[in-house]
>>> print(open('my_file-v4.cif').read())   # mmCIF, C-alpha atoms
data_protein
#
loop_
_atom_site.label_atom_id
_atom_site.label_comp_id
_atom_site.auth_asym_id
_atom_site.auth_seq_id
_atom_site.Cartn_x
_atom_site.Cartn_y
_atom_site.Cartn_z
CA MET A 1 73.67 64.09 366.77
CA ILE A 2 72.79 61.27 369.19
CA ALA A 3 69.07 61.94 368.74
CA CYS A 4 69.38 61.81 364.95
CA LEU A 5 71.48 58.64 365.16
CA ILE A 6 68.84 56.89 367.28
CA GLY A 7 66.07 58.17 365.02
CA ASN A 8 67.83 56.72 361.99
CA ALA A 9 68.44 53.45 363.82
CA ILE A 10 64.73 52.83 364.43
CA GLY A 11 63.14 54.94 361.70
CA LEU A 12 60.82 53.99 358.87
CA HIS A 13 63.65 53.39 356.40
CA THR A 14 65.54 51.08 358.78
CA LEU A 15 63.55 48.69 360.96
CA PRO A 16 61.03 47.43 358.34
CA PRO A 17 63.52 46.52 355.58
CA PHE A 18 66.26 45.23 357.88
CA THR A 19 63.93 43.01 359.92
CA ILE A 20 61.41 41.74 357.36
CA GLY A 21 63.81 39.00 356.26
CA LEU A 22 63.48 37.47 359.74
CA PHE A 23 59.70 37.29 359.35
CA VAL A 24 59.51 35.88 355.80
CA VAL A 25 59.86 32.18 356.63
CA PRO A 26 57.73 32.26 359.84
CA LEU A 27 54.90 34.11 358.05
CA GLN A 28 55.14 31.73 355.10
CA GLN A 29 54.95 28.69 357.37
CA ASP A 30 52.27 30.00 359.75
CA LEU A 31 49.94 31.87 357.39
CA GLY A 32 50.67 30.15 354.08
CA TRP A 33 51.67 33.34 352.26
CA THR A 34 54.14 33.26 349.37
CA ARG A 35 57.45 35.06 349.52
CA ILE A 36 56.31 37.38 346.75
CA SER A 37 53.23 38.36 348.79
CA ILE A 38 55.34 39.03 351.88
CA SER A 39 57.92 40.95 349.85
CA LEU A 40 55.13 43.09 348.43
CA GLY A 41 54.61 44.39 351.96
CA ILE A 42 58.02 46.05 351.99
CA THR A 43 57.37 47.28 348.45
CA ILE A 44 54.19 48.97 349.66
CA ILE A 45 55.89 50.55 352.65
CA THR A 46 58.75 51.81 350.47
CA ILE A 47 56.48 53.27 347.79
CA GLY A 48 54.35 54.88 350.50
CA THR A 49 57.46 56.44 352.00
CA ALA A 50 58.51 57.68 348.56
CA MET A 51 55.11 59.28 348.05
CA SER A 52 55.20 61.01 351.42
CA ALA A 53 58.85 62.12 351.34
CA PRO A 54 58.27 65.25 349.19
CA LEU A 55 55.36 66.22 351.45
CA VAL A 56 57.53 65.81 354.54
CA GLY A 57 60.14 68.03 352.90
CA LEU A 58 57.46 70.61 352.18
CA PHE A 59 56.04 70.70 355.72
CA VAL A 60 59.27 70.47 357.65
CA ASP A 61 59.89 74.25 357.52
CA ARG A 62 56.37 74.97 358.70
CA ILE A 63 56.12 72.81 361.81
CA GLY A 64 59.73 71.73 362.39
CA GLU A 65 61.50 68.40 362.30
CA ARG A 66 60.82 67.60 365.95
CA ILE A 67 57.05 67.36 365.65
CA LEU A 68 57.23 65.30 362.46
CA ILE A 69 59.74 62.90 364.00
CA GLY A 70 57.61 62.45 367.13
CA ILE A 71 54.42 61.77 365.18
CA GLY A 72 56.24 59.34 362.93
CA MET A 73 57.65 57.34 365.85
CA LEU A 74 54.26 56.96 367.53
CA MET A 75 52.60 55.88 364.30
CA LEU A 76 55.29 53.28 363.66
CA ALA A 77 54.84 51.86 367.17
CA ALA A 78 51.10 51.56 366.54
CA GLY A 79 51.80 49.86 363.21
CA TYR A 80 54.03 47.19 364.76
CA PHE A 81 51.42 46.45 367.42
CA ALA A 82 48.84 46.11 364.65
CA LEU A 83 51.09 43.65 362.79
CA SER A 84 51.38 41.52 365.93
CA LEU A 85 47.57 41.22 366.05
CA MET A 86 46.83 40.62 362.35
CA GLY A 87 45.04 37.55 361.08
CA SER A 88 45.63 35.42 358.00
CA SER A 89 44.46 38.04 355.47
CA ILE A 90 47.29 39.29 353.30
CA ILE A 91 45.23 42.41 352.54
CA GLN A 92 45.36 43.30 356.23
CA TYR A 93 49.15 42.95 356.18
CA TRP A 94 49.48 45.17 353.13
CA THR A 95 47.10 47.78 354.57
CA ILE A 96 49.06 48.08 357.82
CA MET A 97 52.28 48.48 355.86
CA ALA A 98 50.75 51.25 353.74
CA LEU A 99 49.50 53.15 356.80
CA MET A 100 52.90 52.88 358.47
CA ALA A 101 54.54 54.37 355.38
CA LEU A 102 52.13 57.28 355.11
CA LEU A 103 51.86 58.13 358.81
CA GLY A 104 55.39 57.25 359.95
CA ALA A 105 57.33 59.11 357.26
CA GLY A 106 58.24 61.91 359.66
CA CYS A 107 60.87 59.65 361.21
CA SER A 108 63.04 59.29 358.11
CA PRO A 109 66.21 60.76 356.53
CA VAL A 110 64.20 63.63 355.04
CA THR A 111 63.88 65.16 358.51
CA LEU A 112 66.90 63.69 360.27
CA SER A 113 69.46 64.46 357.54
CA ARG A 114 68.05 67.95 357.16
CA ILE A 115 68.98 68.73 360.76
CA VAL A 116 72.57 67.64 360.11
CA VAL A 117 72.90 69.51 356.81
CA GLY A 118 71.76 72.69 358.55
CA LEU A 119 74.31 72.35 361.35
CA PHE A 120 77.48 71.21 359.55
CA ASP A 121 79.40 72.34 356.47
CA ARG A 122 83.12 71.48 356.36
CA THR A 123 82.58 68.20 358.24
CA ARG A 124 79.15 67.51 356.76
CA GLY A 125 80.15 64.16 355.31
CA ALA A 126 81.46 62.85 358.63
CA ALA A 127 78.39 64.17 360.46
CA LEU A 128 76.03 62.48 358.01
CA GLY A 129 78.07 59.31 358.30
CA VAL A 130 77.75 59.28 362.09
CA VAL A 131 74.02 59.99 362.06
CA LEU A 132 73.26 57.49 359.30
CA LEU A 133 75.38 55.01 361.21
CA GLY A 134 72.16 54.25 363.07
CA THR A 135 70.95 52.28 360.06
CA GLY A 136 74.08 50.16 360.08
CA LEU A 137 73.83 49.50 363.79
CA THR A 138 70.27 48.29 363.37
CA SER A 139 71.15 46.05 360.43
CA ALA A 140 73.93 44.51 362.54
CA VAL A 141 72.18 44.20 365.89
CA ALA A 142 68.50 43.66 365.01
CA PRO A 143 68.93 40.20 363.40
CA ILE A 144 71.00 38.99 366.34
CA LEU A 145 68.55 40.24 368.99
CA LEU A 146 65.26 39.71 367.15
CA SER A 147 65.89 36.28 365.65
CA PRO A 148 65.92 34.44 369.03
CA ILE A 149 62.66 36.15 370.02
CA ILE A 150 60.96 35.00 366.83
CA VAL A 151 62.39 31.47 367.12
CA VAL A 152 61.33 31.05 370.77
CA SER A 153 58.12 33.10 371.02
CA GLY A 154 56.94 33.47 367.41
CA TRP A 155 56.61 36.25 364.89
CA ARG A 156 53.88 38.06 366.83
CA ALA A 157 56.27 38.54 369.74
CA GLY A 158 58.83 39.84 367.25
CA TYR A 159 56.51 42.61 366.11
CA GLU A 160 55.61 43.43 369.71
CA ALA A 161 59.33 43.82 370.45
CA LEU A 162 59.70 46.28 367.56
CA ALA A 163 56.75 48.31 368.87
CA LEU A 164 58.36 48.52 372.32
CA VAL A 165 61.62 49.68 370.73
CA MET A 166 59.77 52.57 369.06
CA LEU A 167 57.98 53.55 372.28
CA GLY A 168 61.24 53.39 374.21
CA GLY A 169 63.04 55.55 371.67
CA PHE A 170 60.33 58.21 371.52
CA PRO A 171 61.14 60.11 374.76
CA ILE A 172 64.88 59.75 374.21
CA VAL A 173 64.91 61.21 370.69
CA LEU A 174 62.40 63.98 371.37
CA GLY A 175 64.02 64.85 374.69
CA LEU A 176 67.52 65.15 373.22
CA LEU A 177 66.28 67.30 370.33
CA ALA A 178 64.44 69.59 372.74
CA LEU A 179 67.46 69.92 375.03
CA SER A 180 69.75 70.75 372.10
CA GLY A 181 67.33 73.36 370.78
CA VAL A 182 67.22 72.00 367.23
CA GLY A 183 64.39 70.59 365.18
CA GLY A 184 61.92 73.34 365.98
CA SER A 185 60.03 75.40 363.41
CA ARG A 186 62.31 77.37 361.12
CA ARG A 187 59.67 78.69 358.81
CA LEU A 188 60.96 81.07 356.20
CA ALA A 189 59.06 84.14 355.19
CA SER A 190 57.20 83.66 351.94
CA ASN A 191 59.03 86.54 350.34
CA ALA A 192 62.50 85.54 351.51
CA PRO A 193 64.94 84.82 348.70
CA GLY A 194 65.88 81.49 350.25
CA ALA A 195 62.34 80.29 350.82
CA GLU A 196 61.92 76.78 349.48
CA ASP A 197 58.34 77.52 348.46
CA ALA A 198 59.84 79.69 345.71
CA VAL A 199 61.27 76.56 344.11
CA THR A 200 58.88 74.61 341.92
CA VAL A 201 59.08 70.92 341.12
CA GLY A 202 59.77 71.83 337.49
CA GLU A 203 62.79 73.92 338.47
CA VAL A 204 64.25 70.99 340.39
CA PHE A 205 63.69 68.57 337.52
CA ARG A 206 65.23 71.00 335.00
CA HIS A 207 68.35 71.51 337.10
CA PRO A 208 71.28 70.25 334.97
CA VAL A 209 72.61 67.82 337.58
CA PHE A 210 69.31 66.32 338.75
CA VAL A 211 68.96 63.61 336.10
CA ARG A 212 72.67 62.80 336.24
CA LEU A 213 72.31 62.18 339.98
CA ILE A 214 69.07 60.24 339.88
CA ILE A 215 70.21 57.57 337.38
CA PRO A 216 73.04 55.98 339.44
CA PHE A 217 70.95 55.96 342.62
CA VAL A 218 68.10 54.22 340.78
CA LEU A 219 70.54 51.62 339.45
CA VAL A 220 71.99 50.96 342.91
CA ALA A 221 68.53 50.71 344.48
CA ILE A 222 67.09 48.30 341.94
CA GLY A 223 70.18 46.11 342.06
CA THR A 224 70.68 45.91 345.82
CA GLY A 225 67.41 46.79 347.58
CA GLY A 226 66.08 43.24 347.49
CA VAL A 227 69.16 41.83 349.21
CA VAL A 228 68.17 43.40 352.53
CA VAL A 229 64.79 41.67 352.42
CA HIS A 230 65.92 38.30 351.07
CA PHE A 231 69.40 37.89 352.54
CA VAL A 232 68.31 35.59 355.40
CA PRO A 233 65.95 33.48 353.22
CA MET A 234 68.59 33.12 350.49
CA LEU A 235 71.13 31.87 353.05
CA ILE A 236 68.61 29.40 354.47
CA ASP A 237 68.01 28.14 350.91
CA ALA A 238 71.79 27.75 350.55
CA GLY A 239 71.90 25.41 353.54
CA PHE A 240 72.61 27.73 356.47
CA SER A 241 70.59 27.33 359.68
CA ALA A 242 68.25 30.17 360.65
CA ALA A 243 70.58 31.16 363.50
CA ARG A 244 73.65 31.11 361.27
CA ALA A 245 71.81 33.08 358.58
CA GLY A 246 70.94 35.69 361.20
CA GLN A 247 74.61 35.95 362.14
CA MET A 248 75.58 36.42 358.49
CA SER A 249 72.96 39.13 358.20
CA GLY A 250 74.56 40.78 361.20
CA LEU A 251 77.92 40.61 359.43
CA LEU A 252 76.41 42.40 356.45
CA GLY A 253 75.15 45.00 358.91
CA LEU A 254 78.59 45.46 360.44
CA SER A 255 79.95 46.08 356.97
CA LEU A 256 77.23 48.66 356.48
CA VAL A 257 78.33 50.38 359.71
CA LEU A 258 81.95 50.45 358.56
CA ALA A 259 80.93 51.81 355.16
CA ARG A 260 78.92 54.62 356.73
CA LEU A 261 81.90 55.77 358.77
CA LEU A 262 84.46 55.42 356.00
CA VAL A 263 82.31 57.13 353.39
CA GLY A 264 81.33 59.94 355.74
CA VAL A 265 84.94 60.79 356.54
CA ALA A 266 86.28 60.15 353.04
CA ILE A 267 83.89 62.48 351.21
CA ASP A 268 85.05 65.41 353.33
CA PHE A 269 88.55 64.98 351.85
CA VAL A 270 88.09 63.18 348.51
CA PHE A 271 85.72 64.14 345.69
CA ALA A 272 82.56 62.22 346.67
CA PRO A 273 81.78 60.63 343.25
CA ARG A 274 85.23 59.02 343.27
CA VAL A 275 84.45 57.45 346.63
CA ALA A 276 81.12 56.26 345.22
CA ILE A 277 82.87 54.59 342.28
CA LEU A 278 85.10 52.60 344.64
CA MET A 279 82.24 51.52 346.93
CA MET A 280 80.02 50.39 344.06
CA ALA A 281 82.89 48.44 342.49
CA ILE A 282 83.60 46.61 345.75
CA SER A 283 79.95 45.65 346.14
CA SER A 284 79.77 44.49 342.53
CA VAL A 285 82.58 42.04 343.30
CA GLY A 286 80.70 40.96 346.42
CA PHE A 287 77.65 39.95 344.42
CA LEU A 288 79.85 37.94 342.05
CA ALA A 289 81.24 36.16 345.10
CA LEU A 290 77.70 35.31 346.22
CA ALA A 291 76.97 33.93 342.75
CA PHE A 292 80.11 31.87 342.22
CA GLY A 293 82.02 31.64 345.51
CA GLY A 294 80.06 29.02 347.45
CA LYS A 295 79.42 28.93 351.19
CA GLY A 296 83.07 29.47 352.06
CA LEU A 297 83.09 32.98 350.56
CA THR A 298 79.69 34.01 351.94
CA PRO A 299 81.09 35.96 354.95
CA TYR A 300 83.42 37.94 352.68
CA ALA A 301 80.66 38.49 350.13
CA ALA A 302 78.38 39.82 352.90
CA ILE A 303 81.06 42.35 353.87
CA PHE A 304 81.55 43.51 350.27
CA VAL A 305 77.80 43.74 349.56
CA GLY A 306 77.27 45.75 352.74
CA MET A 307 79.56 48.45 351.37
CA SER A 308 76.97 49.68 348.87
CA LEU A 309 74.08 49.25 351.31
CA GLY A 310 75.95 51.46 353.75
CA ALA A 311 76.81 54.23 351.33
CA GLU A 312 73.84 55.14 349.14
CA VAL A 313 71.82 57.29 351.55
CA ASP A 314 74.99 59.11 352.64
CA PHE A 315 75.72 60.00 349.03
CA ILE A 316 72.17 61.18 348.28
CA ALA A 317 72.13 63.70 351.13
CA TYR A 318 75.72 64.85 350.65
CA LEU A 319 75.65 65.24 346.87
CA ALA A 320 72.28 67.03 346.97
CA SER A 321 73.68 69.51 349.51
CA ARG A 322 76.80 70.14 347.39
CA TYR A 323 75.33 70.33 343.90
CA PHE A 324 72.13 72.30 344.62
CA PRO A 325 71.75 75.79 346.05
CA LYS A 326 70.32 75.94 349.55
CA ARG A 327 66.82 76.92 348.39
CA TYR A 328 66.71 73.81 346.18
CA PHE A 329 67.88 71.32 348.78
CA GLY A 330 64.60 70.34 350.45
CA ARG A 331 62.74 69.65 347.24
CA ALA A 332 65.75 68.15 345.43
CA TYR A 333 66.62 65.80 348.27
CA GLY A 334 62.98 64.81 348.70
CA TRP A 335 62.60 63.84 345.03
CA LEU A 336 65.98 62.11 344.82
CA TYR A 337 65.16 60.11 347.93
CA SER A 338 61.69 59.30 346.57
CA ALA A 339 63.11 57.98 343.30
CA PHE A 340 65.59 55.92 345.26
CA LEU A 341 62.84 54.45 347.44
CA VAL A 342 60.58 53.59 344.51
CA SER A 343 63.48 51.72 342.95
CA VAL A 344 64.24 49.98 346.24
CA SER A 345 60.61 48.88 346.45
CA LEU A 346 60.84 47.09 343.09
CA SER A 347 64.01 45.19 343.92
CA PRO A 348 62.55 42.72 346.47
CA LEU A 349 59.91 41.70 343.93
CA VAL A 350 62.62 41.02 341.36
CA TYR A 351 64.52 38.77 343.77
CA ALA A 352 61.32 37.05 344.90
CA GLY A 353 60.39 36.56 341.25
CA PHE A 354 63.70 34.83 340.54
CA ARG A 355 63.19 32.60 343.59
CA GLU A 356 59.57 31.69 342.81
CA GLY A 357 60.09 31.43 339.05
CA ILE A 358 63.27 29.38 338.74
CA GLY A 359 63.85 28.32 342.35
CA SER A 360 67.06 30.29 342.87
CA TYR A 361 68.31 33.76 343.77
CA TRP A 362 71.41 33.26 341.61
CA PRO A 363 70.31 35.46 338.64
CA GLY A 364 69.66 38.29 341.08
CA PHE A 365 73.31 38.33 342.11
CA LEU A 366 74.40 38.83 338.49
CA TRP A 367 71.67 41.47 338.07
CA ALA A 368 72.99 43.41 341.08
CA SER A 369 76.63 43.16 340.02
CA ALA A 370 75.86 44.55 336.56
CA PHE A 371 73.73 47.42 337.90
CA LEU A 372 76.42 48.44 340.38
CA ALA A 373 79.00 48.49 337.58
CA LEU A 374 76.72 50.77 335.53
CA ALA A 375 76.23 53.02 338.55
CA SER A 376 80.01 53.38 338.90
CA ILE A 377 80.19 54.62 335.30
CA CYS A 378 77.44 57.18 336.01
CA PHE A 379 79.23 58.48 339.11
CA ALA A 380 82.42 58.84 337.05
CA ARG A 381 80.61 61.25 334.70
CA LEU A 382 79.43 63.67 337.42
CA PRO A 383 80.90 67.22 337.24
CA GLY A 384 82.93 68.91 339.96
CA PHE A 385 81.21 70.67 342.83
CA PRO A 386 80.31 74.33 342.23
CA LYS A 387 82.17 76.89 344.34
CA SER A 388 79.34 79.39 344.72
CA GLY A 389 75.58 79.57 344.86
CA ALA A 390 75.47 81.07 341.38
CA ASP A 391 77.64 78.31 340.03
CA ARG A 392 75.35 75.71 341.56
CA SER A 393 72.37 76.86 339.60
CA MET A 394 74.19 76.63 336.26
CA ILE A 395 76.77 73.91 336.94
CA ALA A 396 76.46 72.16 333.59
CA ASN A 397 77.15 75.37 331.71
#
>>> encode(input="my_file-v4.cif", output="structure tokens")
Amino acid sequence: MIACLIGNAIGLHTLPPFTIGLFVVPLQQDLGWTRISISLGITIITIGTAMSAPLVGLFVDRIGERILIGIGMLMLAAGYFALSLMGSSIIQYWTIMALMALLGAGCSPVTLSRIVVGLFDRTRGAALGVVLLGTGLTSAVAPILLSPIIVVSGWRAGYEALALVMLGGFPIVLGLLALSGVGGSRRLASNAPGAEDAVTVGEVFRHPVFVRLIIPFVLVAIGTGGVVVHFVPMLIDAGFSAARAGQMSGLLGLSLVLARLLVGVAIDFVFAPRVAILMMAISSVGFLALAFGGKGLTPYAAIFVGMSLGAEVDFIAYLASRYFPKRYFGRAYGWLYSAFLVSVSLSPLVYAGFREGIGSYWPGFLWASAFLALASICFARLPGFPKSGADRSMIAN
């Protein structure tokens, strides 16, 4: 559990999106890049992760989670060092981001959540909440610790610090997994009835619940994904100092941490889609507060917005494990997570487009509030969980 928590805290889906906001203004000032160009970097890394996620899900049974996680961590460390050495070419920046996504995807929820799902059943929600808490811890702590480094020593030192974090985490995560005896190869025989190779992509897509699950997660991702990237710049535009904006970003992260814990525990006792409805509604109100509440409501808005940012990945893993039979889980979760990531990758461009086009992030807040409200409606229309493996394959019938 501790190894998976640390892996999530510094993995591909966590450090890049939750720290890029700290680099936007320094890169813009030092290298002359636009915010759209910088935001495209996180779009590239997210799309690359989405492309590699189904492949990671396919290979995880063959070579085990542990090897994939280790390779991913080393490749991410190399990527951060490369970013610290890059010149003024935006193509170089985009290329490094793409390579990090493709080579570092082993250290992501596809592998880390799979370990948890295999170990826990009745308390699966709480276990996922604890493990995915690593993302919230990073979103809360990273801005506070990294912002002074960037302010004092520059953005290159910031990327070097991230590389050292990855190298420091490598022996801890791999060592704990090895000591606990999990994450090794669990390859299934090709003729076993539960073998995931027996499940085709078409079977997953035709599953009655698949589309009904994918739509709300796409809505949430498109509406909120850009906030992680642009939260610090949008606060600076609103008149906050860089240090104060970093503190507000940390507050959003603390809300994310709280949401992970609350959601994880709640979905073990309350029907998970009902919990999702509540969390999305709270975040929708938070975006309205950002749009109309002024600086005085910003801390409260950050807390409300963090609720949805702290819940979506928990729900993807948990709902996939409850709605799909075991032999479907790897492929189903991989494709659901990929769709979510592709949508997340588009959101920063939308927010950057609002900022560059009309000089304000304000329309993006209304955009996010509306999408979260639509997602709540979609979650309300999900069916009950099946009670048996047979029921899971024909739930809509």
>>> closest_atom_pairs(input="my_file-v4.cif", of="stretch 54-144 of chain A", to="stretch 235-250 of chain A", cutoff="8 Å", atoms="all atoms listed in the file", output="JSON lines")
{"residue": "A:Ser139", "atom": "CA", "partner": "A:Gly250", "partner_atom": "CA", "distance": 6.3}
{"residue": "A:Ala140", "atom": "CA", "partner": "A:Gly250", "partner_atom": "CA", "distance": 4.0}
{"residue": "A:Val141", "atom": "CA", "partner": "A:Gly250", "partner_atom": "CA", "distance": 6.3}
{"residue": "A:Ala142", "atom": "CA", "partner": "A:Gly250", "partner_atom": "CA", "distance": 7.7}
{"residue": "A:Pro143", "atom": "CA", "partner": "A:Gly246", "partner_atom": "CA", "distance": 5.4}
{"residue": "A:Ile144", "atom": "CA", "partner": "A:Gly246", "partner_atom": "CA", "distance": 6.1}
>>> closest_residue(input="my_file-v4.cif", among="A:Gly118, A:Pro17, A:Gly384, A:Gly293", to="A:Val182", atoms="only C-alpha atoms")
A:Gly118
>>> resolve_selection(input="my_file-v4.cif", expression="the PyMOL selection byres ((chain A and resi 364-373) around 10)", output="PyMOL selection string")
chain A and resi 216-227+277+279-292+305+308+347-348+350-355+360-363+374-378
>>> resolve_selection(input="my_file-v4.cif", expression="the PyMOL selection byres ((chain A and resi 6) around 12)", output="PyMOL selection string")
chain A and resi 1-5+7-12+14-15+69+73+107-109+112+130-138+165-166+168-177
>>> resolve_selection(input="my_file-v4.cif", expression="the PyMOL selection byres ((chain A and resi 123) around 12)", output="ChimeraX atom specification")
/A:116-122,124-130,264-269,318
>>> atom_distance(input="my_file-v4.cif", atom1="atom CA of A:Ala276", atom2="atom CA of A:Arg260")
11.8 Å
>>> atom_distance(input="my_file-v4.cif", atom1="atom CA of A:Pro16", atom2="atom CA of A:Thr111")
18.0 Å
>>> atom_distance(input="my_file-v4.cif", atom1="atom CA of A:Ser180", atom2="atom CA of A:Ile63")
17.2 Å
>>> axis_aligned_box(input="my_file-v4.cif", around="stretch 302-315 of chain A", padding_each_side="6 Å", output="lines of an AutoDock Vina configuration file")
center_x = 76.7
center_y = 49.9
center_z = 351.4
size_x = 21.7
size_y = 32.2
size_z = 17.0
>>> closest_residue(input="my_file-v4.cif", among="A:His13, A:Arg206, A:Lys387, A:Arg331", to="A:Val228", atoms="all atoms listed in the file")
A:His13
>>> residues_around(input="my_file-v4.cif", residues="A:Gly57", least_positions_apart="3", cutoff="10 Å", atoms="only C-alpha atoms", output="list in words")
Ser52, Ala53, Pro54, Val60, Asp61, Arg62, Glu65, Gly106, Val110, Thr111, Arg114, Glu196, Phe329, Gly330, Arg331, Ala332, Tyr333, Gly334 and Trp335 of chain A
>>> residues_around(input="my_file-v4.cif", residues="A:Glu160", least_positions_apart="4", cutoff="8 Å", atoms="only C-alpha atoms", output="number ranges by chain")
A: 80-81, 84, 156, 164
>>> closest_residue(input="my_file-v4.cif", among="A:Leu31, A:Leu145, A:Ser39, A:Ala50", to="A:Pro233", atoms="only C-alpha atoms")
A:Ser39
>>> closest_residue(input="my_file-v4.cif", among="A:Gly48, A:Gly296, A:Pro273, A:Gly87", to="A:Asp314", atoms="only C-alpha atoms")
A:Pro273
>>> closest_residue(input="my_file-v4.cif", among="A:Leu162, A:Val344, A:Leu167, A:Ala339", to="A:Ile150", atoms="only C-alpha atoms")
A:Leu162
>>> build_atoms(input="my_file-v4.cif", residues="stretch 25-44 of chain A", atoms="N, CA and C atoms", output="PDB file, in the coordinates of the input")
ATOM      1  N   VAL A  25      60.102  33.620 356.474  1.00  0.00           N
ATOM      2  CA  VAL A  25      59.860  32.180 356.630  1.00  0.00           C
ATOM      3  C   VAL A  25      58.791  31.887 357.680  1.00  0.00           C
ATOM      4  N   PRO A  26      58.808  32.516 358.872  1.00  0.00           N
ATOM      5  CA  PRO A  26      57.730  32.260 359.840  1.00  0.00           C
ATOM      6  C   PRO A  26      56.340  32.614 359.307  1.00  0.00           C
ATOM      7  N   LEU A  27      56.205  33.741 358.610  1.00  0.00           N
ATOM      8  CA  LEU A  27      54.900  34.110 358.050  1.00  0.00           C
ATOM      9  C   LEU A  27      54.484  33.125 356.964  1.00  0.00           C
ATOM     10  N   GLN A  28      55.440  32.701 356.154  1.00  0.00           N
ATOM     11  CA  GLN A  28      55.140  31.730 355.100  1.00  0.00           C
ATOM     12  C   GLN A  28      54.658  30.411 355.696  1.00  0.00           C
ATOM     13  N   GLN A  29      55.314  29.960 356.758  1.00  0.00           N
ATOM     14  CA  GLN A  29      54.950  28.690 357.370  1.00  0.00           C
ATOM     15  C   GLN A  29      53.650  28.771 358.161  1.00  0.00           C
ATOM     16  N   ASP A  30      53.427  29.885 358.869  1.00  0.00           N
ATOM     17  CA  ASP A  30      52.270  30.000 359.750  1.00  0.00           C
ATOM     18  C   ASP A  30      50.994  30.400 359.015  1.00  0.00           C
ATOM     19  N   LEU A  31      51.120  31.319 358.058  1.00  0.00           N
ATOM     20  CA  LEU A  31      49.940  31.870 357.390  1.00  0.00           C
ATOM     21  C   LEU A  31      49.786  31.385 355.951  1.00  0.00           C
ATOM     22  N   GLY A  32      50.783  30.701 355.420  1.00  0.00           N
ATOM     23  CA  GLY A  32      50.670  30.150 354.080  1.00  0.00           C
ATOM     24  C   GLY A  32      50.867  31.155 352.961  1.00  0.00           C
ATOM     25  N   TRP A  33      51.444  32.321 353.278  1.00  0.00           N
ATOM     26  CA  TRP A  33      51.670  33.340 352.260  1.00  0.00           C
ATOM     27  C   TRP A  33      52.920  32.984 351.442  1.00  0.00           C
ATOM     28  N   THR A  34      52.962  33.452 350.195  1.00  0.00           N
ATOM     29  CA  THR A  34      54.140  33.260 349.370  1.00  0.00           C
ATOM     30  C   THR A  34      55.174  34.332 349.680  1.00  0.00           C
ATOM     31  N   ARG A  35      56.395  34.080 349.272  1.00  0.00           N
ATOM     32  CA  ARG A  35      57.450  35.060 349.520  1.00  0.00           C
ATOM     33  C   ARG A  35      57.219  36.331 348.711  1.00  0.00           C
ATOM     34  N   ILE A  36      56.627  36.199 347.536  1.00  0.00           N
ATOM     35  CA  ILE A  36      56.310  37.380 346.750  1.00  0.00           C
ATOM     36  C   ILE A  36      55.285  38.242 347.475  1.00  0.00           C
ATOM     37  N   SER A  37      54.262  37.617 348.066  1.00  0.00           N
ATOM     38  CA  SER A  37      53.230  38.360 348.790  1.00  0.00           C
ATOM     39  C   SER A  37      53.821  39.078 349.994  1.00  0.00           C
ATOM     40  N   ILE A  38      54.702  38.399 350.715  1.00  0.00           N
ATOM     41  CA  ILE A  38      55.340  39.030 351.880  1.00  0.00           C
ATOM     42  C   ILE A  38      56.262  40.150 351.437  1.00  0.00           C
ATOM     43  N   SER A  39      57.023  39.913 350.366  1.00  0.00           N
ATOM     44  CA  SER A  39      57.920  40.950 349.850  1.00  0.00           C
ATOM     45  C   SER A  39      57.150  42.172 349.368  1.00  0.00           C
ATOM     46  N   LEU A  40      55.939  41.968 348.879  1.00  0.00           N
ATOM     47  CA  LEU A  40      55.130  43.090 348.430  1.00  0.00           C
ATOM     48  C   LEU A  40      54.820  44.048 349.580  1.00  0.00           C
ATOM     49  N   GLY A  41      54.826  43.523 350.807  1.00  0.00           N
ATOM     50  CA  GLY A  41      54.610  44.390 351.960  1.00  0.00           C
ATOM     51  C   GLY A  41      55.679  45.454 352.073  1.00  0.00           C
ATOM     52  N   ILE A  42      56.947  45.068 351.912  1.00  0.00           N
ATOM     53  CA  ILE A  42      58.020  46.050 351.990  1.00  0.00           C
ATOM     54  C   ILE A  42      58.006  46.948 350.759  1.00  0.00           C
ATOM     55  N   THR A  43      57.539  46.435 349.630  1.00  0.00           N
ATOM     56  CA  THR A  43      57.370  47.280 348.450  1.00  0.00           C
ATOM     57  C   THR A  43      56.349  48.368 348.713  1.00  0.00           C
ATOM     58  N   ILE A  44      55.241  47.995 349.339  1.00  0.00           N
ATOM     59  CA  ILE A  44      54.190  48.970 349.660  1.00  0.00           C
ATOM     60  C   ILE A  44      54.701  50.020 350.631  1.00  0.00           C
TER      61      ILE A  44
END
